[in-house]
Structure formats: structure tokens, C-alpha cells
>>> print(open('start_33.txt').read())   # compact mmCIF, N, CA and C atoms and all ligand atoms
# COMPACT_ATOMS: atom_id res chain seq x y z
N MET A 1 103.16 98.72 137.72
CA MET A 1 103.34 99.98 136.99
C MET A 1 101.99 100.48 136.49
N GLU A 2 101.73 101.73 136.74
CA GLU A 2 100.47 102.29 136.28
C GLU A 2 100.52 102.54 134.78
N LYS A 3 99.50 102.08 134.11
CA LYS A 3 99.49 102.22 132.66
C LYS A 3 98.91 103.56 132.25
N LYS A 4 99.54 104.14 131.27
CA LYS A 4 99.03 105.39 130.72
C LYS A 4 97.92 105.05 129.73
N TYR A 5 96.84 105.78 129.84
CA TYR A 5 95.79 105.56 128.85
C TYR A 5 95.42 106.90 128.22
N TRP A 6 94.62 106.83 127.18
CA TRP A 6 94.25 108.05 126.45
C TRP A 6 93.39 108.95 127.32
N LYS A 7 93.51 110.25 127.04
CA LYS A 7 92.64 111.21 127.72
C LYS A 7 91.22 111.05 127.21
N LYS A 8 90.29 111.56 127.99
CA LYS A 8 88.89 111.45 127.62
C LYS A 8 88.62 112.01 126.21
N GLU A 9 89.23 113.15 125.92
CA GLU A 9 89.00 113.76 124.60
C GLU A 9 89.57 112.89 123.49
N GLU A 10 90.69 112.23 123.80
CA GLU A 10 91.31 111.38 122.79
C GLU A 10 90.45 110.14 122.53
N VAL A 11 89.90 109.59 123.60
CA VAL A 11 89.01 108.45 123.45
C VAL A 11 87.82 108.83 122.57
N GLU A 12 87.27 110.02 122.85
CA GLU A 12 86.13 110.50 122.05
C GLU A 12 86.51 110.64 120.58
N LEU A 13 87.71 111.16 120.37
CA LEU A 13 88.19 111.39 119.01
C LEU A 13 88.33 110.06 118.25
N PHE A 14 88.93 109.08 118.91
CA PHE A 14 89.10 107.77 118.27
C PHE A 14 87.73 107.15 117.98
N LYS A 15 86.85 107.30 118.94
CA LYS A 15 85.52 106.72 118.78
C LYS A 15 84.81 107.35 117.59
N LYS A 16 84.91 108.67 117.51
CA LYS A 16 84.27 109.39 116.41
C LYS A 16 84.80 108.91 115.07
N ARG A 17 86.12 108.75 115.01
CA ARG A 17 86.73 108.32 113.75
C ARG A 17 86.30 106.90 113.39
N LEU A 18 86.24 106.05 114.37
CA LEU A 18 85.83 104.66 114.12
C LEU A 18 84.38 104.60 113.65
N LEU A 19 83.53 105.40 114.30
CA LEU A 19 82.12 105.37 113.94
C LEU A 19 81.88 105.97 112.56
N SER A 20 82.62 107.02 112.22
CA SER A 20 82.41 107.62 110.90
C SER A 20 82.94 106.69 109.81
N LEU A 21 84.02 106.01 110.13
CA LEU A 21 84.57 105.03 109.18
C LEU A 21 83.58 103.89 108.97
N ARG A 22 82.98 103.48 110.06
CA ARG A 22 81.99 102.42 110.03
C ARG A 22 80.81 102.83 109.13
N GLY A 23 80.35 104.07 109.35
CA GLY A 23 79.24 104.60 108.55
C GLY A 23 79.60 104.67 107.08
N LYS A 24 80.84 105.03 106.82
CA LYS A 24 81.30 105.12 105.44
C LYS A 24 81.26 103.75 104.78
N ILE A 25 81.75 102.76 105.49
CA ILE A 25 81.78 101.41 104.92
C ILE A 25 80.36 100.89 104.71
N THR A 26 79.52 100.99 105.72
CA THR A 26 78.16 100.47 105.56
C THR A 26 77.40 101.28 104.51
N GLY A 27 77.66 102.59 104.45
CA GLY A 27 77.03 103.42 103.42
C GLY A 27 77.43 102.97 102.04
N ASN A 28 78.71 102.69 101.87
CA ASN A 28 79.19 102.23 100.57
C ASN A 28 78.59 100.88 100.20
N VAL A 29 78.52 100.00 101.17
CA VAL A 29 77.97 98.68 100.89
C VAL A 29 76.53 98.82 100.42
N ASN A 30 75.75 99.61 101.17
CA ASN A 30 74.35 99.75 100.81
C ASN A 30 74.16 100.40 99.45
N SER A 31 74.93 101.44 99.18
CA SER A 31 74.73 102.13 97.92
C SER A 31 75.10 101.23 96.76
N LEU A 32 76.12 100.41 96.94
CA LEU A 32 76.49 99.50 95.86
C LEU A 32 75.41 98.45 95.66
N GLN A 33 74.87 97.96 96.76
CA GLN A 33 73.81 96.98 96.65
C GLN A 33 72.61 97.59 95.94
N ASN A 34 72.26 98.82 96.31
CA ASN A 34 71.15 99.50 95.65
C ASN A 34 71.40 99.61 94.16
N GLU A 35 72.61 99.98 93.83
CA GLU A 35 72.96 100.16 92.43
C GLU A 35 72.86 98.83 91.68
N ALA A 36 73.32 97.78 92.33
CA ALA A 36 73.28 96.47 91.69
C ALA A 36 71.84 96.04 91.47
N PHE A 37 70.99 96.33 92.45
CA PHE A 37 69.58 95.98 92.29
C PHE A 37 68.97 96.73 91.12
N LYS A 38 69.31 98.02 91.06
CA LYS A 38 68.76 98.86 90.00
C LYS A 38 69.13 98.31 88.63
N SER A 39 70.42 97.99 88.47
CA SER A 39 70.87 97.60 87.14
C SER A 39 70.35 96.23 86.75
N SER A 40 69.98 95.41 87.75
CA SER A 40 69.44 94.11 87.38
C SER A 40 67.93 94.17 87.21
N GLY A 41 67.37 95.36 87.35
CA GLY A 41 65.95 95.54 87.06
C GLY A 41 65.04 95.26 88.23
N THR A 42 65.61 94.92 89.38
CA THR A 42 64.77 94.65 90.54
C THR A 42 64.27 95.96 91.14
N ASP A 43 63.03 96.01 91.46
CA ASP A 43 62.47 97.21 92.05
C ASP A 43 63.00 97.38 93.47
N SER A 44 63.37 98.61 93.81
CA SER A 44 63.86 98.81 95.17
C SER A 44 62.69 98.74 96.15
N SER A 45 63.01 98.34 97.37
CA SER A 45 61.97 98.14 98.37
C SER A 45 61.39 99.46 98.86
N GLY A 46 62.10 100.54 98.59
CA GLY A 46 61.64 101.84 99.06
C GLY A 46 62.01 102.10 100.50
N ASP A 47 62.81 101.23 101.04
CA ASP A 47 63.24 101.41 102.42
C ASP A 47 64.36 102.44 102.47
N LEU A 48 64.11 103.56 103.13
CA LEU A 48 65.09 104.64 103.14
C LEU A 48 66.01 104.60 104.35
N SER A 49 65.74 103.70 105.29
CA SER A 49 66.48 103.73 106.54
C SER A 49 67.96 103.40 106.36
N ASN A 50 68.29 102.64 105.33
CA ASN A 50 69.69 102.26 105.14
C ASN A 50 70.40 103.12 104.10
N MET A 51 69.74 104.14 103.64
CA MET A 51 70.32 104.97 102.60
C MET A 51 71.52 105.75 103.13
N PRO A 52 72.57 105.83 102.33
CA PRO A 52 73.68 106.69 102.75
C PRO A 52 73.24 108.15 102.75
N LEU A 53 73.86 108.92 103.62
CA LEU A 53 73.46 110.32 103.76
C LEU A 53 73.82 111.14 102.54
N HIS A 54 74.89 110.75 101.88
CA HIS A 54 75.41 111.56 100.79
C HIS A 54 75.16 110.88 99.45
N LEU A 55 73.91 110.76 99.11
CA LEU A 55 73.56 110.08 97.86
C LEU A 55 74.20 110.76 96.66
N ALA A 56 74.36 112.05 96.76
CA ALA A 56 74.93 112.79 95.63
C ALA A 56 76.36 112.35 95.36
N ASP A 57 77.02 111.82 96.39
CA ASP A 57 78.41 111.39 96.23
C ASP A 57 78.54 110.03 95.57
N VAL A 58 77.46 109.32 95.47
CA VAL A 58 77.54 107.97 94.90
C VAL A 58 77.83 108.07 93.41
N GLY A 59 78.92 107.47 93.04
CA GLY A 59 79.38 107.61 91.66
C GLY A 59 78.49 106.86 90.69
N THR A 60 78.38 107.40 89.50
CA THR A 60 77.57 106.72 88.50
C THR A 60 78.42 106.16 87.37
N ASP A 61 79.67 106.62 87.30
CA ASP A 61 80.50 106.09 86.21
C ASP A 61 81.18 104.78 86.64
N ASN A 62 81.66 104.07 85.65
CA ASN A 62 82.23 102.74 85.91
C ASN A 62 83.44 102.78 86.82
N PHE A 63 84.23 103.82 86.66
CA PHE A 63 85.45 103.89 87.46
C PHE A 63 85.10 103.88 88.94
N GLU A 64 84.14 104.72 89.33
CA GLU A 64 83.78 104.78 90.75
C GLU A 64 83.11 103.50 91.20
N ARG A 65 82.38 102.88 90.31
CA ARG A 65 81.73 101.62 90.68
C ARG A 65 82.78 100.55 91.00
N ASP A 66 83.83 100.49 90.20
CA ASP A 66 84.89 99.53 90.46
C ASP A 66 85.54 99.79 91.81
N LEU A 67 85.74 101.05 92.11
CA LEU A 67 86.33 101.40 93.40
C LEU A 67 85.45 100.90 94.53
N ASN A 68 84.13 101.09 94.39
CA ASN A 68 83.20 100.64 95.41
C ASN A 68 83.26 99.13 95.60
N ILE A 69 83.39 98.41 94.50
CA ILE A 69 83.45 96.96 94.60
C ILE A 69 84.70 96.55 95.39
N GLU A 70 85.79 97.24 95.13
CA GLU A 70 87.01 96.93 95.87
C GLU A 70 86.81 97.17 97.35
N LEU A 71 86.12 98.27 97.67
CA LEU A 71 85.86 98.58 99.08
C LEU A 71 85.03 97.49 99.73
N ILE A 72 84.05 96.99 99.02
CA ILE A 72 83.15 95.99 99.58
C ILE A 72 83.87 94.69 99.89
N GLU A 73 84.81 94.32 99.06
CA GLU A 73 85.52 93.06 99.31
C GLU A 73 86.21 93.07 100.66
N ASN A 74 86.61 94.27 101.11
CA ASN A 74 87.26 94.36 102.40
C ASN A 74 86.33 94.87 103.49
N ALA A 75 85.10 95.14 103.13
CA ALA A 75 84.19 95.79 104.07
C ALA A 75 83.95 94.93 105.30
N GLU A 76 83.75 93.65 105.06
CA GLU A 76 83.42 92.76 106.18
C GLU A 76 84.57 92.74 107.19
N GLU A 77 85.77 92.59 106.67
CA GLU A 77 86.93 92.57 107.56
C GLU A 77 87.10 93.93 108.21
N GLY A 78 86.88 94.98 107.44
CA GLY A 78 87.00 96.33 107.99
C GLY A 78 86.04 96.55 109.13
N LEU A 79 84.80 96.15 108.94
CA LEU A 79 83.78 96.33 109.98
C LEU A 79 84.13 95.53 111.23
N ARG A 80 84.64 94.33 111.01
CA ARG A 80 85.01 93.49 112.15
C ARG A 80 86.12 94.16 112.96
N ASN A 81 87.12 94.68 112.24
CA ASN A 81 88.22 95.34 112.93
C ASN A 81 87.76 96.59 113.67
N ILE A 82 86.81 97.31 113.07
CA ILE A 82 86.28 98.52 113.71
C ILE A 82 85.54 98.14 114.98
N ASP A 83 84.75 97.08 114.92
CA ASP A 83 84.02 96.63 116.11
C ASP A 83 84.97 96.22 117.22
N ILE A 84 86.02 95.51 116.84
CA ILE A 84 87.03 95.10 117.84
C ILE A 84 87.65 96.34 118.47
N ALA A 85 87.97 97.32 117.64
CA ALA A 85 88.60 98.54 118.16
C ALA A 85 87.67 99.29 119.10
N LEU A 86 86.38 99.34 118.76
CA LEU A 86 85.41 100.02 119.63
C LEU A 86 85.30 99.31 120.98
N GLU A 87 85.35 97.99 120.92
CA GLU A 87 85.29 97.20 122.15
C GLU A 87 86.51 97.51 123.03
N LYS A 88 87.65 97.60 122.36
CA LYS A 88 88.88 97.90 123.10
C LYS A 88 88.82 99.28 123.73
N LEU A 89 88.20 100.22 123.04
CA LEU A 89 88.05 101.56 123.62
C LEU A 89 87.30 101.48 124.94
N ASP A 90 86.25 100.68 124.95
CA ASP A 90 85.47 100.50 126.18
C ASP A 90 86.25 99.75 127.26
N ASN A 91 87.07 98.80 126.83
CA ASN A 91 87.85 98.00 127.80
C ASN A 91 89.15 98.66 128.21
N LYS A 92 89.40 99.83 127.67
CA LYS A 92 90.63 100.57 127.95
C LYS A 92 91.88 99.81 127.53
N THR A 93 91.78 99.09 126.45
CA THR A 93 92.98 98.45 125.91
C THR A 93 93.26 98.96 124.51
N TYR A 94 92.55 100.00 124.13
CA TYR A 94 92.68 100.52 122.77
C TYR A 94 94.06 101.13 122.54
N GLY A 95 94.61 100.82 121.38
CA GLY A 95 95.89 101.42 121.01
C GLY A 95 97.09 100.60 121.45
N GLN A 96 96.80 99.49 122.13
CA GLN A 96 97.89 98.63 122.58
C GLN A 96 98.25 97.66 121.46
N CYS A 97 99.53 97.57 121.15
CA CYS A 97 99.97 96.68 120.09
C CYS A 97 99.71 95.22 120.49
N GLU A 98 99.15 94.45 119.58
CA GLU A 98 98.83 93.06 119.91
C GLU A 98 100.07 92.18 119.98
N SER A 99 101.17 92.64 119.42
CA SER A 99 102.38 91.82 119.43
C SER A 99 103.31 92.15 120.58
N CYS A 100 103.50 93.45 120.86
CA CYS A 100 104.51 93.79 121.88
C CYS A 100 103.91 94.52 123.07
N ASP A 101 102.60 94.77 123.08
CA ASP A 101 101.91 95.42 124.20
C ASP A 101 102.25 96.89 124.39
N LYS A 102 103.08 97.44 123.54
CA LYS A 102 103.38 98.87 123.65
C LYS A 102 102.22 99.67 123.08
N MET A 103 102.12 100.93 123.50
CA MET A 103 101.07 101.76 122.95
C MET A 103 101.44 102.23 121.55
N ILE A 104 100.49 102.16 120.66
CA ILE A 104 100.69 102.63 119.30
C ILE A 104 100.61 104.15 119.29
N ILE A 105 101.45 104.80 118.50
CA ILE A 105 101.45 106.26 118.53
C ILE A 105 100.15 106.83 117.98
N LYS A 106 99.80 108.00 118.49
CA LYS A 106 98.50 108.60 118.20
C LYS A 106 98.31 108.87 116.70
N THR A 107 99.34 109.38 116.03
CA THR A 107 99.17 109.73 114.62
C THR A 107 98.84 108.49 113.79
N ARG A 108 99.42 107.35 114.17
CA ARG A 108 99.13 106.12 113.45
C ARG A 108 97.68 105.69 113.70
N LEU A 109 97.23 105.86 114.92
CA LEU A 109 95.85 105.49 115.26
C LEU A 109 94.84 106.41 114.58
N LEU A 110 95.21 107.68 114.43
CA LEU A 110 94.29 108.59 113.78
C LEU A 110 94.18 108.29 112.28
N ALA A 111 95.30 107.85 111.71
CA ALA A 111 95.28 107.52 110.29
C ALA A 111 94.60 106.17 110.05
N LEU A 112 94.87 105.22 110.94
CA LEU A 112 94.31 103.87 110.82
C LEU A 112 93.70 103.47 112.17
N PRO A 113 92.51 103.97 112.47
CA PRO A 113 91.97 103.79 113.83
C PRO A 113 91.74 102.34 114.25
N PHE A 114 91.73 101.42 113.30
CA PHE A 114 91.46 100.01 113.65
C PHE A 114 92.73 99.17 113.60
N VAL A 115 93.88 99.84 113.52
CA VAL A 115 95.14 99.10 113.37
C VAL A 115 95.45 98.31 114.65
N LYS A 116 96.07 97.14 114.50
CA LYS A 116 96.30 96.27 115.66
C LYS A 116 97.73 96.24 116.13
N ASN A 117 98.65 96.60 115.26
CA ASN A 117 100.06 96.51 115.61
C ASN A 117 100.74 97.87 115.52
N CYS A 118 101.75 98.05 116.34
CA CYS A 118 102.54 99.27 116.26
C CYS A 118 103.41 99.20 115.01
N ILE A 119 103.97 100.34 114.66
CA ILE A 119 104.70 100.42 113.39
C ILE A 119 105.91 99.48 113.38
N ASN A 120 106.55 99.30 114.53
CA ASN A 120 107.72 98.42 114.59
C ASN A 120 107.34 96.97 114.31
N CYS A 121 106.26 96.52 114.93
CA CYS A 121 105.84 95.14 114.73
C CYS A 121 105.35 94.93 113.31
N GLN A 122 104.66 95.94 112.79
CA GLN A 122 104.19 95.87 111.42
C GLN A 122 105.39 95.70 110.48
N ARG A 123 106.42 96.48 110.76
CA ARG A 123 107.61 96.43 109.93
C ARG A 123 108.29 95.06 110.04
N ASP A 124 108.37 94.57 111.28
CA ASP A 124 108.98 93.25 111.49
C ASP A 124 108.25 92.19 110.70
N GLU A 125 106.91 92.29 110.76
CA GLU A 125 106.09 91.31 110.07
C GLU A 125 106.36 91.34 108.57
N GLU A 126 106.42 92.56 108.04
CA GLU A 126 106.65 92.70 106.61
C GLU A 126 108.03 92.18 106.22
N THR A 127 109.02 92.47 107.06
CA THR A 127 110.38 91.99 106.77
C THR A 127 110.41 90.47 106.79
N GLU A 128 109.71 89.91 107.78
CA GLU A 128 109.66 88.46 107.90
C GLU A 128 109.06 87.82 106.64
N GLN A 129 107.94 88.40 106.22
CA GLN A 129 107.29 87.88 105.02
C GLN A 129 108.22 87.95 103.82
N MET A 130 108.95 89.07 103.77
CA MET A 130 109.83 89.25 102.64
C MET A 130 110.94 88.19 102.63
N SER A 131 111.53 87.95 103.81
CA SER A 131 112.63 86.99 103.84
C SER A 131 112.12 85.57 103.60
N ASP A 132 110.87 85.33 104.00
CA ASP A 132 110.28 84.03 103.69
C ASP A 132 110.23 83.80 102.20
N GLU A 133 109.82 84.86 101.50
CA GLU A 133 109.72 84.74 100.05
C GLU A 133 111.08 84.52 99.41
N GLU A 134 112.08 85.15 100.00
CA GLU A 134 113.42 85.03 99.42
C GLU A 134 113.94 83.60 99.58
N ILE A 135 113.59 82.98 100.69
CA ILE A 135 114.04 81.60 100.90
C ILE A 135 113.18 80.67 100.07
ZN ZN B 201 104.34 96.25 118.62
>>> encode(input="start_33.txt", output="C-alpha cells")
Amino acid sequence: MEKKYWKKEEVELFKKRLLSLRGKITGNVNSLQNEAFKSSGTDSSGDLSNMPLHLADVGTDNFERDLNIELIENAEEGLRNIDIALEKLDNKTYGQCESCDKMIIKTRLLALPFVKNCINCQRDEETEQMSDEEI
């Protein structure tokens, strides 16, 4: 059976979303690190190559700082998943559910471009976890 794959424009769209998400995560990580260096009194190296593009968006109040810390805790896993997804785009296996091999619907992929399971499998997994807890 011939497998249906994404159109060229769709592949480009997914790639763009993955790359911008990647940039967002690495930008956040760097800006938080810069901020941490600043507050501990360490002089910055003056290296501008890793600076986020939107410095004005970097929050200065505590609330935003806490949010950034939360993002960083998941950043490593997020980046790994994004890299895996980019690899799959190149291998033409992108969007395939890892549990049932069905294609994940486009709207789900656009919302969560690095997602690994289709909504049905995700739901099954959650139900399973729930019943485990009940037992
Ligand atoms: Zn599935």
C-alpha cells in the first residue's frame, strides 16, 4: 500500500514551526542564563552570538522569571523531541504515531509539532495511567 505523506508545503510548514520553537527554547535558555549571571555579579562575556533576538521581551519581574525557569526544566527534553521530529521530517516518517503507526492529524501537529502519539493513543495512555492509580 502506498503511504500518504505530507505535501511539500506542509513539510515546510512543520519544519518552520519546529525551528521557531527550537529558537524560542534556546533563546529562553540563554536569556535566563544571562540573567542569572548578571544577578550573581559575574561579568558577561560580551558574546552576542547567542543573544535572543527579542531582548525587549525578556521579562524583568519575578513572575516572568519563574515562568522561564519552568521552561528551562523541560527545555532539554523539548529540544530532543524537536530534533527527533526534524529527523523524521527528513526520513519521511514525520507525523506517524509511534504506537499505532497511523498518521497524526495536521491540526494536532501544528499545535504540538514534536508530538509522538496520535490523540487516540495519547488518550489510551492517559486512561491506562488513571486506572493504574485507581488499582
Ligand atoms: Zn496512535
>>> residues_near_ligand(input="start_33.txt", ligand="ligand ZN 201 (chain B)", cutoff="9 Å", atoms="only C-alpha atoms and all ligand atoms", output="list in words")
Gln96, Cys97, Glu98, Ser99, Cys100, Asp101, Lys102, Met103, Ile104, Lys116, Asn117, Cys118, Ile119, Asn120, Cys121 and Gln122 of chain A
>>> residues_near_point(input="start_33.txt", point="(88.3, 97.1, 120.4)", cutoff="12 Å", atoms="only C-alpha atoms", output="number ranges by chain")
A: 11, 14-15, 18, 79-98, 113-116
>>> atom_distance(input="start_33.txt", atom1="atom CA of A:Gly27", atom2="atom CA of A:Ala75")
10.5 Å
>>> atom_distance(input="start_33.txt", atom1="atom CA of A:Lys4", atom2="atom C of A:Leu109")
16.7 Å
>>> atom_distance(input="start_33.txt", atom1="atom CA of A:Lys106", atom2="atom CA of A:Thr127")
23.4 Å
>>> axis_aligned_box(input="start_33.txt", around="stretch 4-8 of chain A", padding_each_side="3 Å", output="JSON")
{"center_x": 94.1, "center_y": 108.1, "center_z": 128.7, "size_x": 16.9, "size_y": 13.9, "size_z": 11.1}
